[in-house]
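The structure under discussion appears below in the form of structure tokens.
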Amino acid sequence: MIVAGAGVQGAAHLARAQGCQDAFKAVDLGDTAVLAVSDGAGSRHRSALGAHVAVDAACRLLARDIPGAEESPEAWTAWIAGCGKTVVEEYLRAVTGVLAADASDPGEPGDLAATLTAAVVAPPWVAFVSLGDGFGTLLTRDDRCHLVLPPPEGPPAFLSSPGAALRIRTFVVWEPELSGVVLSTDGCAPLALDHPAVRELPLRAGPLPAEGFFLGLAATLRDNEGDAEPLRRLLCAQEAGDRTGDDLTVLCALVEGG
């Protein structure tokens, strides 16, 4: 498995002397990978820490007791549903501990508000956990891109939001032609997603993955054996900065030989 990711500070955050509030983390288990990206709420002063807590909790919990490739869809679905609830509980436990440790400014969990987009990539299975406005794209061996986890409409929810354990989304995909999975925070949407009008489709078709972005990224990472520097340069490029002022984070796992 080739695993690579990069996160960069958005132009708007840079202009306000505000640090990057995204975080990402991956666990490479050989033929399986766990990926997690998180976007801290820009209006909350400790959200960058919340994003790191979120990806740490997700990667730690999702790397446990992963079902085998031969397991049934029901087994995979039940497993990831349980993981989603547990990730929220662990996040809340961790941020409560962080706040309790700071006697000078205890605050509340909402001060560390963060989204979460995570995936367990275990070909031919991919299991997703999502709360917030991140998105996930599946790549297949026929050089096609599938936006299996589109960004939701409306304001995002956070792991610290009331009822988060009931609102978190979990699902599985079985794809025998799987070649890769890419997770992105919402700041990447202008760069990585096409408006349906670009392809002369009606608005109801929703956003579509920009094939040039995803396939070019996959080809580059395969050629350089997972060196993430070209990805970081892409996210830092003037073109990316002109499209979005938000932080940009991309994390991917590519099946070797896929």
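Identifiers in the structure tokens: chain A, B, ... in order shown; residue index from 1 per chain; ligand index from 1 in order shown.
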Select from range 29-194 of chain A everything DSSP, run on the backbone, classes as alpha helix (DSSP H), then give the selection as number ranges by chain. A: 47-62, 73-101, 164-167, 189-192
Would you please extract all strand (DSSP E) residues from range 163-193 of chain A, as assigned by DSSP on the backbone, and give them as an MDAnalysis selection string? chainID A and resid 169:174 178:184 193
For the selection you just gave me, I'd like the residues written to a file as a PDB file, in the first residue's frame, keeping N, CA and C atoms.
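This went into selection_24.pdb:
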ATOM      1  N   ARG A 169     -21.809   9.294  10.235  1.00  0.00           N
ATOM      2  CA  ARG A 169     -22.185   8.426   9.117  1.00  0.00           C
ATOM      3  C   ARG A 169     -21.138   7.329   8.938  1.00  0.00           C
ATOM      4  N   THR A 170     -21.617   6.095   8.811  1.00  0.00           N
ATOM      5  CA  THR A 170     -20.718   4.975   8.538  1.00  0.00           C
ATOM      6  C   THR A 170     -21.303   4.136   7.412  1.00  0.00           C
ATOM      7  N   PHE A 171     -20.438   3.649   6.528  1.00  0.00           N
ATOM      8  CA  PHE A 171     -20.882   2.761   5.455  1.00  0.00           C
ATOM      9  C   PHE A 171     -19.671   2.046   4.871  1.00  0.00           C
ATOM     10  N   VAL A 172     -19.935   1.001   4.106  1.00  0.00           N
ATOM     11  CA  VAL A 172     -18.854   0.233   3.486  1.00  0.00           C
ATOM     12  C   VAL A 172     -19.078   0.157   1.978  1.00  0.00           C
ATOM     13  N   VAL A 173     -17.984   0.004   1.263  1.00  0.00           N
ATOM     14  CA  VAL A 173     -18.001  -0.185  -0.196  1.00  0.00           C
ATOM     15  C   VAL A 173     -17.181  -1.434  -0.510  1.00  0.00           C
ATOM     16  N   TRP A 174     -17.728  -2.294  -1.344  1.00  0.00           N
ATOM     17  CA  TRP A 174     -16.994  -3.462  -1.854  1.00  0.00           C
ATOM     18  C   TRP A 174     -16.673  -3.194  -3.308  1.00  0.00           C
ATOM     19  N   LEU A 178     -10.680  -1.915  -6.944  1.00  0.00           N
ATOM     20  CA  LEU A 178     -10.161  -0.786  -6.176  1.00  0.00           C
ATOM     21  C   LEU A 178      -8.674  -0.551  -6.455  1.00  0.00           C
ATOM     22  N   SER A 179      -8.335   0.708  -6.734  1.00  0.00           N
ATOM     23  CA  SER A 179      -6.912   1.056  -6.887  1.00  0.00           C
ATOM     24  C   SER A 179      -6.469   2.138  -5.916  1.00  0.00           C
ATOM     25  N   GLY A 180      -7.414   2.829  -5.272  1.00  0.00           N
ATOM     26  CA  GLY A 180      -7.007   3.848  -4.318  1.00  0.00           C
ATOM     27  C   GLY A 180      -8.188   4.544  -3.672  1.00  0.00           C
ATOM     28  N   VAL A 181      -7.899   5.210  -2.548  1.00  0.00           N
ATOM     29  CA  VAL A 181      -8.884   6.010  -1.818  1.00  0.00           C
ATOM     30  C   VAL A 181      -8.220   7.331  -1.452  1.00  0.00           C
ATOM     31  N   VAL A 182      -8.943   8.425  -1.662  1.00  0.00           N
ATOM     32  CA  VAL A 182      -8.421   9.759  -1.347  1.00  0.00           C
ATOM     33  C   VAL A 182      -9.421  10.473  -0.444  1.00  0.00           C
ATOM     34  N   LEU A 183      -8.957  10.946   0.704  1.00  0.00           N
ATOM     35  CA  LEU A 183      -9.768  11.747   1.614  1.00  0.00           C
ATOM     36  C   LEU A 183      -9.301  13.197   1.559  1.00  0.00           C
ATOM     37  N   SER A 184     -10.254  14.120   1.646  1.00  0.00           N
ATOM     38  CA  SER A 184      -9.917  15.539   1.558  1.00  0.00           C
ATOM     39  C   SER A 184     -10.771  16.343   2.521  1.00  0.00           C
ATOM     40  N   LEU A 193     -13.003  19.099  -6.966  1.00  0.00           N
ATOM     41  CA  LEU A 193     -14.356  18.763  -7.405  1.00  0.00           C
ATOM     42  C   LEU A 193     -14.803  19.705  -8.520  1.00  0.00           C
TER      43      LEU A 193
END
Just want the 10 Å neighbourhood of range 119-124 of chain A, counted on only C-alpha atoms, with same-chain residues fewer than 5 positions away dropped. Output as a short mmCIF file (atom, residue, chain, number, x, y, z; two decimals) with N, CA and C atoms, in the first residue's frame.
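Ended up saving to result_12.cif:
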data_model
loop_
_atom_site.label_atom_id
_atom_site.label_comp_id
_atom_site.auth_asym_id
_atom_site.auth_seq_id
_atom_site.Cartn_x
_atom_site.Cartn_y
_atom_site.Cartn_z
N MET A 1 0.85 -1.19 0.00
CA MET A 1 0.00 0.00 0.00
C MET A 1 0.89 1.25 0.00
N ALA A 26 -2.30 8.64 9.30
CA ALA A 26 -2.51 7.36 8.63
C ALA A 26 -1.77 6.27 9.37
N VAL A 27 -2.29 5.07 9.30
CA VAL A 27 -1.64 3.87 9.84
C VAL A 27 -1.51 2.88 8.68
N ASP A 28 -0.29 2.56 8.32
CA ASP A 28 -0.03 1.61 7.23
C ASP A 28 0.17 0.23 7.84
N LEU A 29 -0.75 -0.67 7.55
CA LEU A 29 -0.71 -2.02 8.09
C LEU A 29 -0.29 -3.04 7.04
N GLY A 30 0.37 -2.57 6.00
CA GLY A 30 0.82 -3.46 4.93
C GLY A 30 -0.20 -3.56 3.82
N ASP A 31 -1.08 -4.55 3.89
CA ASP A 31 -2.11 -4.69 2.86
C ASP A 31 -3.39 -3.96 3.25
N THR A 32 -3.36 -3.23 4.35
CA THR A 32 -4.50 -2.43 4.83
C THR A 32 -3.97 -1.09 5.32
N ALA A 33 -4.78 -0.04 5.14
CA ALA A 33 -4.39 1.27 5.65
C ALA A 33 -5.59 1.93 6.32
N VAL A 34 -5.32 2.69 7.37
CA VAL A 34 -6.33 3.50 8.04
C VAL A 34 -5.99 4.96 7.79
N LEU A 35 -6.95 5.71 7.29
CA LEU A 35 -6.75 7.11 6.95
C LEU A 35 -7.72 7.98 7.74
N ALA A 36 -7.28 9.17 8.15
CA ALA A 36 -8.18 10.10 8.84
C ALA A 36 -7.74 11.53 8.58
N VAL A 37 -8.70 12.38 8.22
CA VAL A 37 -8.45 13.81 8.09
C VAL A 37 -9.50 14.54 8.91
N ALA A 58 -9.43 8.31 15.80
CA ALA A 58 -9.93 7.51 14.69
C ALA A 58 -8.93 6.45 14.27
N CYS A 59 -7.67 6.82 14.10
CA CYS A 59 -6.68 5.85 13.64
C CYS A 59 -6.43 4.76 14.68
N LEU A 62 -9.81 2.53 14.67
CA LEU A 62 -10.14 1.84 13.42
C LEU A 62 -9.09 0.80 13.03
N ALA A 63 -7.94 0.85 13.65
CA ALA A 63 -6.90 -0.15 13.34
C ALA A 63 -7.11 -1.45 14.13
N ILE A 66 -10.04 -5.32 12.57
CA ILE A 66 -10.58 -5.11 11.22
C ILE A 66 -11.04 -6.45 10.65
N PRO A 67 -12.25 -6.53 10.12
CA PRO A 67 -12.72 -7.79 9.55
C PRO A 67 -11.84 -8.24 8.38
N GLY A 68 -11.86 -9.52 8.08
CA GLY A 68 -11.12 -10.04 6.95
C GLY A 68 -11.85 -9.81 5.64
N ALA A 69 -11.11 -9.94 4.54
CA ALA A 69 -11.71 -9.74 3.22
C ALA A 69 -12.85 -10.70 2.94
N GLU A 70 -12.81 -11.87 3.59
CA GLU A 70 -13.83 -12.89 3.35
C GLU A 70 -15.10 -12.65 4.15
N ILE A 80 -18.08 -1.28 11.36
CA ILE A 80 -17.78 0.15 11.18
C ILE A 80 -18.82 1.01 11.89
N VAL A 129 -16.04 6.42 7.91
CA VAL A 129 -16.64 7.09 9.06
C VAL A 129 -16.57 8.58 8.77
N SER A 130 -17.69 9.29 8.90
CA SER A 130 -17.68 10.69 8.50
C SER A 130 -18.66 11.52 9.33
N GLY A 136 -14.73 11.93 0.28
CA GLY A 136 -13.89 10.78 -0.04
C GLY A 136 -14.12 10.30 -1.46
N THR A 170 -21.62 6.09 8.81
CA THR A 170 -20.72 4.98 8.54
C THR A 170 -21.30 4.14 7.41
N PHE A 171 -20.44 3.65 6.53
CA PHE A 171 -20.88 2.76 5.46
C PHE A 171 -19.67 2.05 4.87
N VAL A 172 -19.94 1.00 4.11
CA VAL A 172 -18.85 0.23 3.49
C VAL A 172 -19.08 0.16 1.98
N VAL A 173 -17.98 0.00 1.26
CA VAL A 173 -18.00 -0.19 -0.20
C VAL A 173 -17.18 -1.43 -0.51
N TRP A 174 -17.73 -2.29 -1.34
CA TRP A 174 -16.99 -3.46 -1.85
C TRP A 174 -16.67 -3.19 -3.31
N GLU A 175 -15.39 -3.10 -3.63
CA GLU A 175 -14.97 -2.75 -4.99
C GLU A 175 -13.78 -3.63 -5.39
N PRO A 176 -14.03 -4.69 -6.15
CA PRO A 176 -12.94 -5.60 -6.53
C PRO A 176 -11.88 -4.96 -7.42
N GLU A 177 -12.23 -3.84 -8.08
CA GLU A 177 -11.27 -3.15 -8.94
C GLU A 177 -10.64 -1.94 -8.25
N LEU A 178 -10.68 -1.91 -6.94
CA LEU A 178 -10.16 -0.79 -6.18
C LEU A 178 -8.67 -0.55 -6.45
N SER A 179 -8.33 0.71 -6.73
CA SER A 179 -6.91 1.06 -6.89
C SER A 179 -6.47 2.14 -5.92
N GLY A 180 -7.41 2.83 -5.27
CA GLY A 180 -7.01 3.85 -4.32
C GLY A 180 -8.19 4.54 -3.67
N VAL A 181 -7.90 5.21 -2.55
CA VAL A 181 -8.88 6.01 -1.82
C VAL A 181 -8.22 7.33 -1.45
N VAL A 182 -8.94 8.42 -1.66
CA VAL A 182 -8.42 9.76 -1.35
C VAL A 182 -9.42 10.47 -0.44
N LEU A 183 -8.96 10.95 0.70
CA LEU A 183 -9.77 11.75 1.61
C LEU A 183 -9.30 13.20 1.56
N CYS A 252 -4.14 9.91 1.03
CA CYS A 252 -4.56 8.83 0.15
C CYS A 252 -3.82 7.54 0.43
N ALA A 253 -4.47 6.45 0.02
CA ALA A 253 -3.86 5.13 0.05
C ALA A 253 -4.08 4.50 -1.31
N LEU A 254 -2.98 4.07 -1.94
CA LEU A 254 -3.04 3.48 -3.27
C LEU A 254 -2.64 2.03 -3.19
N VAL A 255 -3.43 1.17 -3.82
CA VAL A 255 -3.14 -0.25 -3.83
C VAL A 255 -1.97 -0.47 -4.78
#
Calculate how many Å separate CA of Gln21 in chain A from CA of Ala165 in chain A, rounding to one decimal. 22.5 Å
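Closest approach to Pro230 in chain A among A:Leu116, A:Ala4, A:Ala100, A:Leu92 is made by A:Ala4 (distances from only C-alpha atoms).
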Selection: 12 Å around Pro162 in chain A, only C-alpha atoms, excl. self and same-chain fewer than 3 positions, as a ChimeraX atom specification: /A:88,92,109-110,113,157-159,165-168
Export of prior selection with N, CA and C atoms as a short mmCIF file (atom, residue, chain, number, x, y, z; two decimals), in the first residue's frame:
data_model
loop_
_atom_site.label_atom_id
_atom_site.label_comp_id
_atom_site.auth_asym_id
_atom_site.auth_seq_id
_atom_site.Cartn_x
_atom_site.Cartn_y
_atom_site.Cartn_z
N VAL A 88 -16.51 8.75 18.43
CA VAL A 88 -17.10 9.95 19.04
C VAL A 88 -16.89 9.92 20.55
N LEU A 92 -14.64 12.66 22.71
CA LEU A 92 -15.20 13.44 23.81
C LEU A 92 -14.45 13.18 25.12
N PRO A 109 -16.09 21.41 25.46
CA PRO A 109 -15.71 20.60 24.29
C PRO A 109 -15.85 21.33 22.96
N GLY A 110 -16.83 22.22 22.86
CA GLY A 110 -17.02 22.95 21.61
C GLY A 110 -15.84 23.80 21.22
N ALA A 113 -13.90 21.98 18.60
CA ALA A 113 -14.78 21.43 17.58
C ALA A 113 -14.02 21.06 16.31
N ALA A 157 -21.62 19.45 10.87
CA ALA A 157 -21.67 19.06 12.27
C ALA A 157 -20.25 18.74 12.73
N PHE A 158 -20.04 18.74 14.03
CA PHE A 158 -18.72 18.46 14.59
C PHE A 158 -18.81 17.32 15.60
N LEU A 159 -17.67 16.74 15.91
CA LEU A 159 -17.64 15.64 16.87
C LEU A 159 -18.11 16.08 18.25
N ALA A 165 -22.83 11.17 18.17
CA ALA A 165 -22.76 9.71 18.02
C ALA A 165 -23.92 9.18 17.19
N LEU A 166 -25.03 9.92 17.17
CA LEU A 166 -26.19 9.51 16.37
C LEU A 166 -26.12 10.08 14.95
N ARG A 167 -25.33 11.12 14.76
CA ARG A 167 -25.26 11.80 13.48
C ARG A 167 -24.10 11.34 12.62
N ILE A 168 -23.13 10.66 13.22
CA ILE A 168 -21.96 10.24 12.45
C ILE A 168 -22.39 9.21 11.40
#
Excluding Ser160 in chain A and any residue of its chain fewer than 6 positions from it, enumerate the residues within 12 Å of it, using only C-alpha atoms, and give them as number ranges by chain. A: 40-41, 44, 47, 50-51, 53-54, 87-96, 108-116, 131-132, 166-168
What is the CA of Thr77 in chain A to CA of Thr137 in chain A distance in Å? 19.0 Å
